[in-house]
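Asker: Sharing a structure below in C-alpha coordinates format, with a few things to ask.
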Amino acid sequence: MKEDKELYICRCEEVTLREIEQVIDEGYHTLDDVKRITRAGMGLCQGRSCSKVIARIISQRTGIPIEEILQVKYRFPVRTEKLGVFNDGEEPQT
Amino acid sequence: MIEREIVVIGAGPAGLSAALEAARSGASVLIIDENHRPGGQLFKQIHKFFGSHEHRAGVRGIDIGTQLIEDASHLDIEVWLDSEVCGIFHEREVWVVRSRELSVTVKAKSIIIATGAVENAVNFTGWTLPGVMGAGAAQTMINIHRVLPGKKVLMIGSGNVGVIVSYQLLQAGADVKAVVEAAGRLGGYGVHTAKVRRAGVPFYTRTTVLEARGNDHVSEAVIVSLDDAWKPIPGTEKVLDVDTICIAAGLTPLVELAFAAGCRKVYSPVLGGMVPWHDASMRTNVPSLYIAGDVSGVEEASTAMEEGRLAGLSAAYSLRYIEKDEYDSRFNDALRRIDSLRSGMFGEKRRIAKHAIINHI
(Lines give C-alpha, C1' and ligand atoms only; values in the text may rest on other atoms or scores of the structure.)
Protein backbone atom coordinates (compact mmCIF):
# COMPACT_ATOMS: atom_id res chain seq x y z
CA MET A 1 0.00 0.00 0.00
CA LYS A 2 1.44 3.35 -1.03
CA GLU A 3 2.52 5.66 1.75
CA ASP A 4 1.23 9.24 1.56
CA LYS A 5 4.38 11.35 1.33
CA GLU A 6 2.48 14.63 1.28
CA LEU A 7 1.04 14.31 4.77
CA TYR A 8 2.11 16.91 7.26
CA ILE A 9 4.41 15.76 10.03
CA CYS A 10 4.90 19.25 11.51
CA ARG A 11 1.56 20.95 11.17
CA CYS A 12 2.69 24.29 12.69
CA GLU A 13 5.22 24.84 9.90
CA GLU A 14 3.49 22.60 7.31
CA VAL A 15 6.45 20.29 6.71
CA THR A 16 5.62 17.07 4.85
CA LEU A 17 6.92 13.52 5.23
CA ARG A 18 8.56 13.85 1.80
CA GLU A 19 10.57 16.91 2.87
CA ILE A 20 11.71 15.23 6.08
CA GLU A 21 12.74 12.01 4.35
CA GLN A 22 14.59 14.03 1.73
CA VAL A 23 16.84 15.84 4.22
CA ILE A 24 17.48 12.60 6.12
CA ASP A 25 18.62 11.02 2.83
CA GLU A 26 20.88 14.03 2.27
CA GLY A 27 22.70 13.06 5.46
CA TYR A 28 21.01 15.14 8.17
CA HIS A 29 20.43 12.66 10.97
CA THR A 30 19.74 14.76 14.06
CA LEU A 31 16.53 16.48 15.18
CA ASP A 32 18.39 19.81 15.20
CA ASP A 33 19.60 19.38 11.61
CA VAL A 34 16.14 18.46 10.34
CA LYS A 35 14.67 21.38 12.26
CA ARG A 36 17.15 23.95 10.95
CA ILE A 37 16.72 22.90 7.33
CA THR A 38 12.98 22.24 7.13
CA ARG A 39 11.69 24.37 10.09
CA ALA A 40 9.89 21.27 11.45
CA GLY A 41 9.51 21.90 15.18
CA MET A 42 10.07 25.66 14.97
CA GLY A 43 6.40 26.65 15.13
CA LEU A 44 3.98 27.55 17.87
CA CYS A 45 4.13 24.19 19.64
CA GLN A 46 7.94 24.12 19.44
CA GLY A 47 8.08 20.49 18.37
CA ARG A 48 5.98 19.23 21.25
CA SER A 49 3.86 17.08 18.94
CA CYS A 50 6.20 16.32 16.02
CA SER A 51 9.70 15.81 17.46
CA LYS A 52 8.96 12.28 18.67
CA VAL A 53 7.52 11.39 15.24
CA ILE A 54 10.52 12.89 13.43
CA ALA A 55 12.89 11.00 15.75
CA ARG A 56 11.09 7.78 14.82
CA ILE A 57 11.37 8.54 11.09
CA ILE A 58 15.12 9.28 11.42
CA SER A 59 15.59 6.07 13.41
CA GLN A 60 13.68 3.91 10.90
CA ARG A 61 15.54 5.39 7.96
CA THR A 62 19.07 5.37 9.39
CA GLY A 63 19.07 2.59 11.98
CA ILE A 64 20.26 5.03 14.67
CA PRO A 65 18.60 4.05 17.99
CA ILE A 66 15.77 6.42 18.91
CA GLU A 67 17.18 7.08 22.38
CA GLU A 68 20.29 8.49 20.71
CA ILE A 69 18.26 10.76 18.45
CA LEU A 70 16.23 12.04 21.42
CA GLN A 71 19.41 13.21 23.20
CA VAL A 72 18.77 16.81 22.20
CA LYS A 73 19.58 20.04 23.95
CA TYR A 74 16.64 21.99 25.39
CA ARG A 75 16.76 25.77 25.65
CA PHE A 76 14.88 28.50 27.48
CA PRO A 77 12.29 29.92 27.11
CA VAL A 78 10.28 26.69 27.03
CA ARG A 79 7.09 28.61 26.25
CA THR A 80 6.48 31.01 23.39
CA GLU A 81 6.25 34.55 24.74
CA LYS A 82 5.93 37.98 23.19
CA LEU A 83 9.23 39.85 22.95
CA GLY A 84 7.67 42.63 25.04
CA VAL A 85 8.01 40.56 28.22
CA PHE A 86 11.80 40.79 27.92
CA ASN A 87 11.62 44.53 27.52
CA ASP A 88 11.21 45.49 31.15
CA GLY A 89 14.48 45.37 33.05
CA GLU A 90 12.72 46.20 36.31
CA GLU A 91 11.00 43.33 38.04
CA PRO A 92 7.97 44.11 40.14
CA GLN A 93 7.98 42.98 43.76
CA THR A 94 4.80 41.02 44.25
CA MET B 1 13.94 38.98 42.36
CA ILE B 2 11.48 37.69 44.92
CA GLU B 3 12.11 34.71 47.19
CA ARG B 4 9.97 31.72 48.14
CA GLU B 5 10.84 28.51 49.95
CA ILE B 6 9.35 25.79 47.77
CA VAL B 7 8.09 26.50 44.27
CA VAL B 8 5.86 23.86 42.65
CA ILE B 9 5.40 24.06 38.87
CA GLY B 10 2.06 22.62 37.76
CA ALA B 11 -1.14 22.44 39.83
CA GLY B 12 -2.39 19.06 38.63
CA PRO B 13 -2.73 15.98 40.88
CA ALA B 14 1.06 15.63 41.40
CA GLY B 15 1.77 19.33 41.96
CA LEU B 16 -1.17 19.89 44.31
CA SER B 17 -0.25 16.81 46.36
CA ALA B 18 3.38 17.97 46.54
CA ALA B 19 2.32 21.44 47.67
CA LEU B 20 0.00 20.03 50.34
CA GLU B 21 2.59 17.66 51.75
CA ALA B 22 5.30 20.36 51.87
CA ALA B 23 2.94 22.89 53.46
CA ARG B 24 1.71 20.36 56.04
CA SER B 25 5.36 19.88 56.97
CA GLY B 26 5.61 23.60 57.72
CA ALA B 27 7.20 24.96 54.54
CA SER B 28 5.74 27.91 52.70
CA VAL B 29 4.83 27.02 49.13
CA LEU B 30 4.19 28.86 45.88
CA ILE B 31 2.38 26.80 43.25
CA ILE B 32 2.36 28.04 39.65
CA ASP B 33 0.09 26.93 36.81
CA GLU B 34 -0.31 28.16 33.25
CA ASN B 35 -4.05 27.49 33.20
CA HIS B 36 -6.89 29.65 34.42
CA ARG B 37 -7.89 27.06 37.04
CA PRO B 38 -5.85 24.66 39.19
CA GLY B 39 -6.47 20.90 39.09
CA GLY B 40 -4.82 19.92 35.81
CA GLN B 41 -6.71 17.07 34.19
CA LEU B 42 -8.57 16.07 37.39
CA PHE B 43 -11.67 18.15 36.68
CA LYS B 44 -12.48 16.31 33.48
CA GLN B 45 -12.17 12.90 35.15
CA ILE B 46 -15.84 12.35 35.92
CA HIS B 47 -15.34 8.60 36.32
CA LYS B 48 -14.56 6.83 39.59
CA PHE B 49 -10.89 6.14 40.32
CA PHE B 50 -9.35 2.72 40.85
CA GLY B 51 -7.13 1.30 43.57
CA SER B 52 -7.79 0.61 47.21
CA HIS B 53 -9.73 2.67 49.74
CA GLU B 54 -6.65 4.70 50.72
CA HIS B 55 -6.15 5.68 47.08
CA ARG B 56 -9.65 7.12 47.18
CA ALA B 57 -10.92 4.40 44.89
CA GLY B 58 -14.55 4.89 43.94
CA VAL B 59 -14.19 8.68 44.20
CA ARG B 60 -14.47 10.69 41.00
CA GLY B 61 -11.42 12.69 39.82
CA ILE B 62 -13.40 15.91 39.86
CA ASP B 63 -14.22 15.43 43.58
CA ILE B 64 -10.58 14.63 44.39
CA GLY B 65 -9.56 17.87 42.66
CA THR B 66 -12.11 19.89 44.61
CA GLN B 67 -10.88 18.36 47.88
CA LEU B 68 -7.19 19.05 47.11
CA ILE B 69 -7.93 22.72 46.36
CA GLU B 70 -10.06 23.02 49.50
CA ASP B 71 -7.21 21.53 51.57
CA ALA B 72 -4.69 23.90 49.98
CA SER B 73 -6.81 26.93 50.91
CA HIS B 74 -6.24 26.23 54.63
CA LEU B 75 -2.46 26.03 54.35
CA ASP B 76 0.45 28.34 53.58
CA ILE B 77 0.12 27.83 49.82
CA GLU B 78 0.16 30.75 47.43
CA VAL B 79 -1.28 30.06 43.95
CA TRP B 80 -0.32 31.85 40.74
CA LEU B 81 -2.58 31.03 37.80
CA ASP B 82 -2.26 32.08 34.13
CA SER B 83 1.48 31.94 34.80
CA GLU B 84 3.93 30.18 32.51
CA VAL B 85 7.28 29.02 33.80
CA CYS B 86 9.73 29.66 30.95
CA GLY B 87 12.99 28.65 32.58
CA ILE B 88 14.98 27.67 35.65
CA PHE B 89 18.36 29.36 36.04
CA HIS B 90 21.27 28.58 38.37
CA GLU B 91 19.31 25.62 39.77
CA ARG B 92 17.06 27.86 41.90
CA GLU B 93 15.76 30.82 39.91
CA VAL B 94 12.34 30.25 38.39
CA TRP B 95 11.49 32.57 35.52
CA VAL B 96 7.74 33.10 35.27
CA VAL B 97 5.68 35.07 32.75
CA ARG B 98 2.40 36.06 34.35
CA SER B 99 -0.69 36.75 32.22
CA ARG B 100 1.58 36.66 29.15
CA GLU B 101 3.02 40.09 29.93
CA LEU B 102 4.75 40.31 33.31
CA SER B 103 8.17 38.70 33.68
CA VAL B 104 9.06 37.70 37.25
CA THR B 105 11.95 35.70 38.69
CA VAL B 106 11.39 33.76 41.90
CA LYS B 107 14.36 32.47 43.87
CA ALA B 108 13.44 29.17 45.52
CA LYS B 109 15.19 26.89 47.98
CA SER B 110 13.62 23.84 46.35
CA ILE B 111 11.67 23.42 43.12
CA ILE B 112 9.22 20.64 42.30
CA ILE B 113 8.48 20.17 38.60
CA ALA B 114 5.05 18.60 37.98
CA THR B 115 4.38 19.64 34.39
CA GLY B 116 2.54 16.48 33.33
CA ALA B 117 2.42 15.12 29.81
CA VAL B 118 1.14 15.89 26.32
CA GLU B 119 -0.91 13.67 23.99
CA ASN B 120 0.92 11.84 21.20
CA ALA B 121 0.09 12.67 17.61
CA VAL B 122 -0.75 10.06 14.97
CA ASN B 123 -0.07 11.14 11.42
CA PHE B 124 -2.29 9.85 8.63
CA THR B 125 -3.69 11.35 5.44
CA GLY B 126 -6.11 14.07 6.46
CA TRP B 127 -5.05 14.22 10.12
CA THR B 128 -4.94 18.01 10.04
CA LEU B 129 -8.61 18.28 9.03
CA PRO B 130 -10.92 19.87 11.60
CA GLY B 131 -12.63 17.02 13.46
CA VAL B 132 -9.41 15.14 14.20
CA MET B 133 -8.38 15.75 17.81
CA GLY B 134 -6.74 14.24 20.87
CA ALA B 135 -9.05 12.11 23.01
CA GLY B 136 -8.04 14.33 25.94
CA ALA B 137 -9.14 17.39 23.99
CA ALA B 138 -12.53 15.78 23.28
CA GLN B 139 -12.82 14.96 27.00
CA THR B 140 -12.11 18.60 27.91
CA MET B 141 -14.79 19.73 25.45
CA ILE B 142 -17.53 17.46 26.78
CA ASN B 143 -16.76 17.44 30.51
CA ILE B 144 -15.41 20.97 31.09
CA HIS B 145 -16.93 23.09 28.33
CA ARG B 146 -20.00 20.90 27.72
CA VAL B 147 -19.60 21.06 23.96
CA LEU B 148 -20.02 17.93 21.87
CA PRO B 149 -17.09 17.78 19.42
CA GLY B 150 -19.10 15.75 16.91
CA LYS B 151 -21.98 13.30 16.54
CA LYS B 152 -20.22 10.28 15.02
CA VAL B 153 -16.85 9.39 16.49
CA LEU B 154 -14.01 7.01 15.62
CA MET B 155 -11.66 6.36 18.57
CA ILE B 156 -8.03 5.46 17.80
CA GLY B 157 -6.55 3.52 20.72
CA SER B 158 -8.17 1.14 23.22
CA GLY B 159 -6.14 2.04 26.32
CA ASN B 160 -7.82 3.52 29.38
CA VAL B 161 -7.98 7.00 27.87
CA GLY B 162 -9.55 5.61 24.68
CA VAL B 163 -12.25 3.57 26.40
CA ILE B 164 -13.03 6.05 29.18
CA VAL B 165 -13.41 8.94 26.72
CA SER B 166 -15.47 6.70 24.38
CA TYR B 167 -17.88 5.97 27.21
CA GLN B 168 -18.10 9.62 28.21
CA LEU B 169 -18.75 10.59 24.58
CA LEU B 170 -21.63 8.09 24.55
CA GLN B 171 -22.94 9.59 27.79
CA ALA B 172 -22.68 13.05 26.24
CA GLY B 173 -24.87 11.94 23.32
CA ALA B 174 -22.36 11.06 20.61
CA ASP B 175 -22.43 7.85 18.62
CA VAL B 176 -19.07 6.07 18.87
CA LYS B 177 -18.82 4.15 15.59
CA ALA B 178 -15.73 2.09 16.45
CA VAL B 179 -12.65 1.79 18.62
CA VAL B 180 -9.55 0.65 16.73
CA GLU B 181 -6.39 -0.74 18.28
CA ALA B 182 -3.10 -1.32 16.41
CA ALA B 183 -1.96 -3.99 18.87
CA GLY B 184 -3.28 -7.53 18.88
CA ARG B 185 -5.14 -7.07 22.16
CA LEU B 186 -7.15 -4.36 23.86
CA GLY B 187 -5.23 -2.04 26.19
CA GLY B 188 -7.70 -0.73 28.78
CA TYR B 189 -8.97 -2.04 32.11
CA GLY B 190 -11.66 -4.67 31.57
CA VAL B 191 -14.35 -2.79 33.46
CA HIS B 192 -14.01 0.36 31.32
CA THR B 193 -13.76 -1.64 28.09
CA ALA B 194 -16.79 -3.77 28.98
CA LYS B 195 -18.99 -0.69 29.47
CA VAL B 196 -18.23 0.48 25.93
CA ARG B 197 -18.70 -3.00 24.46
CA ARG B 198 -22.03 -3.43 26.24
CA ALA B 199 -23.16 -0.20 24.57
CA GLY B 200 -22.66 -1.99 21.25
CA VAL B 201 -19.51 -0.22 20.05
CA PRO B 202 -17.41 -2.47 17.77
CA PHE B 203 -13.72 -2.93 18.65
CA TYR B 204 -11.14 -3.75 15.97
CA THR B 205 -7.68 -5.00 16.99
CA ARG B 206 -4.68 -5.04 14.64
CA THR B 207 -6.36 -2.13 12.92
CA THR B 208 -5.44 1.48 12.40
CA VAL B 209 -6.77 4.59 10.68
CA LEU B 210 -5.51 5.08 7.14
CA GLU B 211 -7.21 8.27 6.10
CA ALA B 212 -9.57 11.02 7.17
CA ARG B 213 -11.65 12.30 4.28
CA GLY B 214 -13.59 15.51 3.94
CA ASN B 215 -13.44 18.95 2.38
CA ASP B 216 -13.37 21.37 5.25
CA HIS B 217 -14.17 18.85 8.00
CA VAL B 218 -13.96 15.10 8.59
CA SER B 219 -16.85 13.35 6.84
CA GLU B 220 -15.43 9.82 6.53
CA ALA B 221 -12.64 7.71 7.99
CA VAL B 222 -10.89 4.77 6.35
CA ILE B 223 -9.62 2.06 8.67
CA VAL B 224 -7.43 -0.87 7.67
CA SER B 225 -6.12 -4.14 9.15
CA LEU B 226 -2.40 -4.48 9.96
CA ASP B 227 -0.12 -7.44 9.30
CA ASP B 228 2.48 -8.77 11.75
CA ALA B 229 4.95 -6.10 10.62
CA TRP B 230 2.33 -3.39 11.40
CA LYS B 231 1.88 -2.70 7.66
CA PRO B 232 -1.63 -2.07 6.25
CA ILE B 233 -3.09 -5.07 4.38
CA PRO B 234 -4.45 -3.99 0.97
CA GLY B 235 -8.07 -4.89 0.42
CA THR B 236 -9.03 -4.74 4.11
CA GLU B 237 -10.06 -1.07 4.07
CA LYS B 238 -13.39 -0.13 5.66
CA VAL B 239 -15.03 3.25 5.27
CA LEU B 240 -16.76 4.64 8.37
CA ASP B 241 -19.31 7.43 8.39
CA VAL B 242 -17.84 9.72 11.07
CA ASP B 243 -17.37 13.45 11.66
CA THR B 244 -14.83 13.14 14.48
CA ILE B 245 -11.65 11.12 14.95
CA CYS B 246 -10.18 11.00 18.45
CA ILE B 247 -6.56 9.98 19.02
CA ALA B 248 -5.72 8.12 22.23
CA ALA B 249 -2.22 6.92 21.38
CA GLY B 250 -0.44 7.56 24.63
CA LEU B 251 1.29 10.52 26.23
CA THR B 252 4.78 12.01 26.27
CA PRO B 253 6.21 13.58 29.46
CA LEU B 254 6.52 17.40 29.29
CA VAL B 255 10.23 17.48 30.04
CA GLU B 256 11.56 20.66 28.37
CA LEU B 257 11.81 22.60 31.62
CA ALA B 258 13.55 19.81 33.53
CA PHE B 259 16.04 19.08 30.76
CA ALA B 260 16.80 22.75 30.07
CA ALA B 261 17.49 23.07 33.81
CA GLY B 262 20.14 20.35 33.61
CA CYS B 263 18.33 17.12 34.50
CA ARG B 264 19.91 13.95 33.17
CA LYS B 265 17.97 12.04 30.47
CA VAL B 266 16.93 8.41 30.76
CA TYR B 267 15.03 6.65 27.96
CA SER B 268 11.96 4.75 29.11
CA PRO B 269 9.70 3.65 26.24
CA VAL B 270 7.19 2.09 28.68
CA LEU B 271 6.79 5.41 30.53
CA GLY B 272 6.52 7.66 27.47
CA GLY B 273 10.05 8.40 26.23
CA MET B 274 12.87 10.52 27.62
CA VAL B 275 12.38 11.25 31.31
CA PRO B 276 14.53 13.06 33.88
CA TRP B 277 16.54 10.69 36.05
CA HIS B 278 15.39 10.75 39.67
CA ASP B 279 15.88 8.76 42.85
CA ALA B 280 13.19 7.12 44.98
CA SER B 281 12.60 10.45 46.77
CA MET B 282 11.85 12.07 43.36
CA ARG B 283 15.02 14.18 43.56
CA THR B 284 16.87 14.74 40.26
CA ASN B 285 20.62 15.05 39.69
CA VAL B 286 20.16 18.80 40.28
CA PRO B 287 19.96 18.78 44.11
CA SER B 288 17.37 21.58 44.45
CA LEU B 289 15.09 20.04 41.79
CA TYR B 290 12.41 17.39 42.35
CA ILE B 291 9.92 15.97 39.86
CA ALA B 292 6.57 14.20 40.28
CA GLY B 293 3.73 12.79 38.22
CA ASP B 294 3.64 12.17 34.47
CA VAL B 295 6.77 14.29 33.80
CA SER B 296 8.74 11.62 35.67
CA GLY B 297 7.19 8.86 33.52
CA VAL B 298 3.57 8.55 32.37
CA GLU B 299 1.40 6.49 34.76
CA GLU B 300 -1.98 7.56 36.11
CA ALA B 301 -3.44 10.14 38.50
CA SER B 302 -3.36 8.09 41.73
CA THR B 303 0.34 7.33 41.29
CA ALA B 304 0.98 10.98 40.35
CA MET B 305 -0.57 12.07 43.66
CA GLU B 306 1.60 9.65 45.66
CA GLU B 307 4.72 10.77 43.80
CA GLY B 308 3.75 14.36 44.55
CA ARG B 309 3.57 13.47 48.24
CA LEU B 310 7.04 11.88 48.07
CA ALA B 311 8.49 14.97 46.37
CA GLY B 312 6.80 17.47 48.70
CA LEU B 313 7.83 15.54 51.77
CA SER B 314 11.42 15.12 50.55
CA ALA B 315 11.77 18.80 49.67
CA ALA B 316 10.47 19.78 53.13
CA TYR B 317 12.82 17.31 54.81
CA SER B 318 15.82 18.61 52.85
CA LEU B 319 14.98 22.09 54.23
CA ARG B 320 14.83 20.57 57.75
CA TYR B 321 11.14 21.15 58.35
CA ILE B 322 10.63 17.64 59.67
CA GLU B 323 12.71 15.20 61.69
CA LYS B 324 14.10 12.03 60.19
CA ASP B 325 11.72 9.72 62.09
CA GLU B 326 8.65 11.55 60.87
CA TYR B 327 10.03 11.76 57.33
CA ASP B 328 10.79 8.04 57.22
CA SER B 329 7.37 7.08 58.50
CA ARG B 330 5.39 9.35 56.11
CA PHE B 331 7.69 8.53 53.21
CA ASN B 332 7.38 4.77 53.68
CA ASP B 333 3.59 5.03 53.90
CA ALA B 334 3.47 6.76 50.50
CA LEU B 335 5.97 4.30 49.06
CA ARG B 336 3.86 1.35 50.21
CA ARG B 337 0.76 2.86 48.57
CA ILE B 338 2.72 3.41 45.33
CA ASP B 339 3.89 -0.20 45.36
CA SER B 340 0.32 -1.42 45.57
CA LEU B 341 -0.66 0.88 42.64
CA ARG B 342 2.20 -0.59 40.62
CA SER B 343 1.14 -4.19 41.05
CA GLY B 344 -1.03 -6.52 39.02
CA MET B 345 -1.23 -7.09 35.31
CA PHE B 346 -0.99 -3.41 34.34
CA GLY B 347 1.12 -2.09 37.21
CA GLU B 348 3.97 -4.57 37.10
CA LYS B 349 5.36 -3.26 33.79
CA ARG B 350 5.33 0.28 35.17
CA ARG B 351 7.03 -0.84 38.39
CA ILE B 352 9.90 -2.46 36.48
CA ALA B 353 10.26 0.58 34.19
CA LYS B 354 10.29 2.96 37.18
CA HIS B 355 12.96 0.95 38.95
CA ALA B 356 15.06 0.97 35.78
CA ILE B 357 14.99 4.79 35.81
CA ILE B 358 15.86 5.02 39.50
CA ASN B 359 18.70 2.50 39.12
CA HIS B 360 20.00 4.01 35.86
CA ILE B 361 23.66 5.00 36.14
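Identifiers in the C-alpha coordinates: chain A, B, ... in order shown; residue index from 1 per chain; ligand index from 1 in order shown.
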For the interface of chain B with chain A (cut-off 7 Å, counting only C-alpha atoms), please tabulate each contacting residue of chain B alongside its nearest pair of atoms and their separation in Å to one decimal, rows sorted by chain and increasing number, as a tab-separated table.

Answerer:
```
residue	atom	partner	partner_atom	distance
B:Met1	CA	A:Glu91	CA	6.8
B:Ile2	CA	A:Gln93	CA	6.5
B:Cys86	CA	A:Pro77	CA	4.6
B:Gly87	CA	A:Phe76	CA	5.4
B:Arg100	CA	A:Glu81	CA	6.8
B:Glu101	CA	A:Val85	CA	5.3
B:Leu102	CA	A:Val85	CA	6.0
B:Ser103	CA	A:Val85	CA	5.8
B:Val104	CA	A:Glu91	CA	6.0
B:Asn120	CA	A:Ser49	CA	6.4
B:Ala121	CA	A:Ser49	CA	5.9
B:Asn123	CA	A:Ile9	CA	6.6
B:Phe124	CA	A:Leu7	CA	6.8
B:Thr125	CA	A:Leu7	CA	5.6
B:Pro232	CA	A:Met1	CA	6.8
B:Pro234	CA	A:Met1	CA	6.1
B:Glu256	CA	A:Tyr74	CA	6.0
B:Leu257	CA	A:Val78	CA	6.3
B:Phe259	CA	A:Tyr74	CA	6.1
B:Ala260	CA	A:Tyr74	CA	4.7
B:Tyr267	CA	A:Glu67	CA	6.0
```

Asker: I'd like the neighbourhood of Glu326 in chain B as a ChimeraX atom specification, where a residue qualifies if any of its atoms comes within 12 Å (using only C-alpha atoms), though same-chain residues fewer than 5 positions away should be ignored.

Answerer: /B:25,313-314,316-317,320-321,331-333

Asker: Could you turn the residues from that selection into a file that holds N, CA and C atoms, as a PDB file, in the first residue's frame?

Answerer:
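The file below, again-v1.pdb, is the result:
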```pdb
ATOM      1  N   SER B  25       4.116  20.062  56.235  1.00  0.00           N
ATOM      2  CA  SER B  25       5.359  19.878  56.973  1.00  0.00           C
ATOM      3  C   SER B  25       5.869  21.198  57.547  1.00  0.00           C
ATOM      4  N   LEU B 313       7.281  15.970  50.478  1.00  0.00           N
ATOM      5  CA  LEU B 313       7.832  15.541  51.767  1.00  0.00           C
ATOM      6  C   LEU B 313       9.363  15.617  51.741  1.00  0.00           C
ATOM      7  N   SER B 314       9.958  15.145  50.647  1.00  0.00           N
ATOM      8  CA  SER B 314      11.418  15.117  50.547  1.00  0.00           C
ATOM      9  C   SER B 314      11.997  16.529  50.483  1.00  0.00           C
ATOM     10  N   ALA B 316      10.622  19.207  51.791  1.00  0.00           N
ATOM     11  CA  ALA B 316      10.470  19.780  53.134  1.00  0.00           C
ATOM     12  C   ALA B 316      11.526  19.215  54.089  1.00  0.00           C
ATOM     13  N   TYR B 317      11.810  17.949  53.954  1.00  0.00           N
ATOM     14  CA  TYR B 317      12.821  17.310  54.806  1.00  0.00           C
ATOM     15  C   TYR B 317      14.208  17.875  54.495  1.00  0.00           C
ATOM     16  N   ARG B 320      14.853  20.837  56.306  1.00  0.00           N
ATOM     17  CA  ARG B 320      14.834  20.573  57.752  1.00  0.00           C
ATOM     18  C   ARG B 320      13.525  21.003  58.433  1.00  0.00           C
ATOM     19  N   TYR B 321      12.430  20.866  57.724  1.00  0.00           N
ATOM     20  CA  TYR B 321      11.137  21.148  58.346  1.00  0.00           C
ATOM     21  C   TYR B 321      10.642  19.988  59.193  1.00  0.00           C
ATOM     22  N   PHE B 331       7.151   8.920  54.503  1.00  0.00           N
ATOM     23  CA  PHE B 331       7.695   8.528  53.206  1.00  0.00           C
ATOM     24  C   PHE B 331       7.376   7.058  52.915  1.00  0.00           C
ATOM     25  N   ASN B 332       7.603   6.201  53.899  1.00  0.00           N
ATOM     26  CA  ASN B 332       7.378   4.773  53.681  1.00  0.00           C
ATOM     27  C   ASN B 332       5.896   4.443  53.478  1.00  0.00           C
ATOM     28  N   ASP B 333       5.032   5.215  54.140  1.00  0.00           N
ATOM     29  CA  ASP B 333       3.589   5.031  53.899  1.00  0.00           C
ATOM     30  C   ASP B 333       3.242   5.282  52.430  1.00  0.00           C
TER      31      ASP B 333
END
```

Asker: Using DSSP secondary structure from the backbone, list all strand (DSSP E) positions within range 152-214 of chain B, as an MDAnalysis selection string.

Answerer: chainID B and resid 152:156 175:180 203:204 207:213
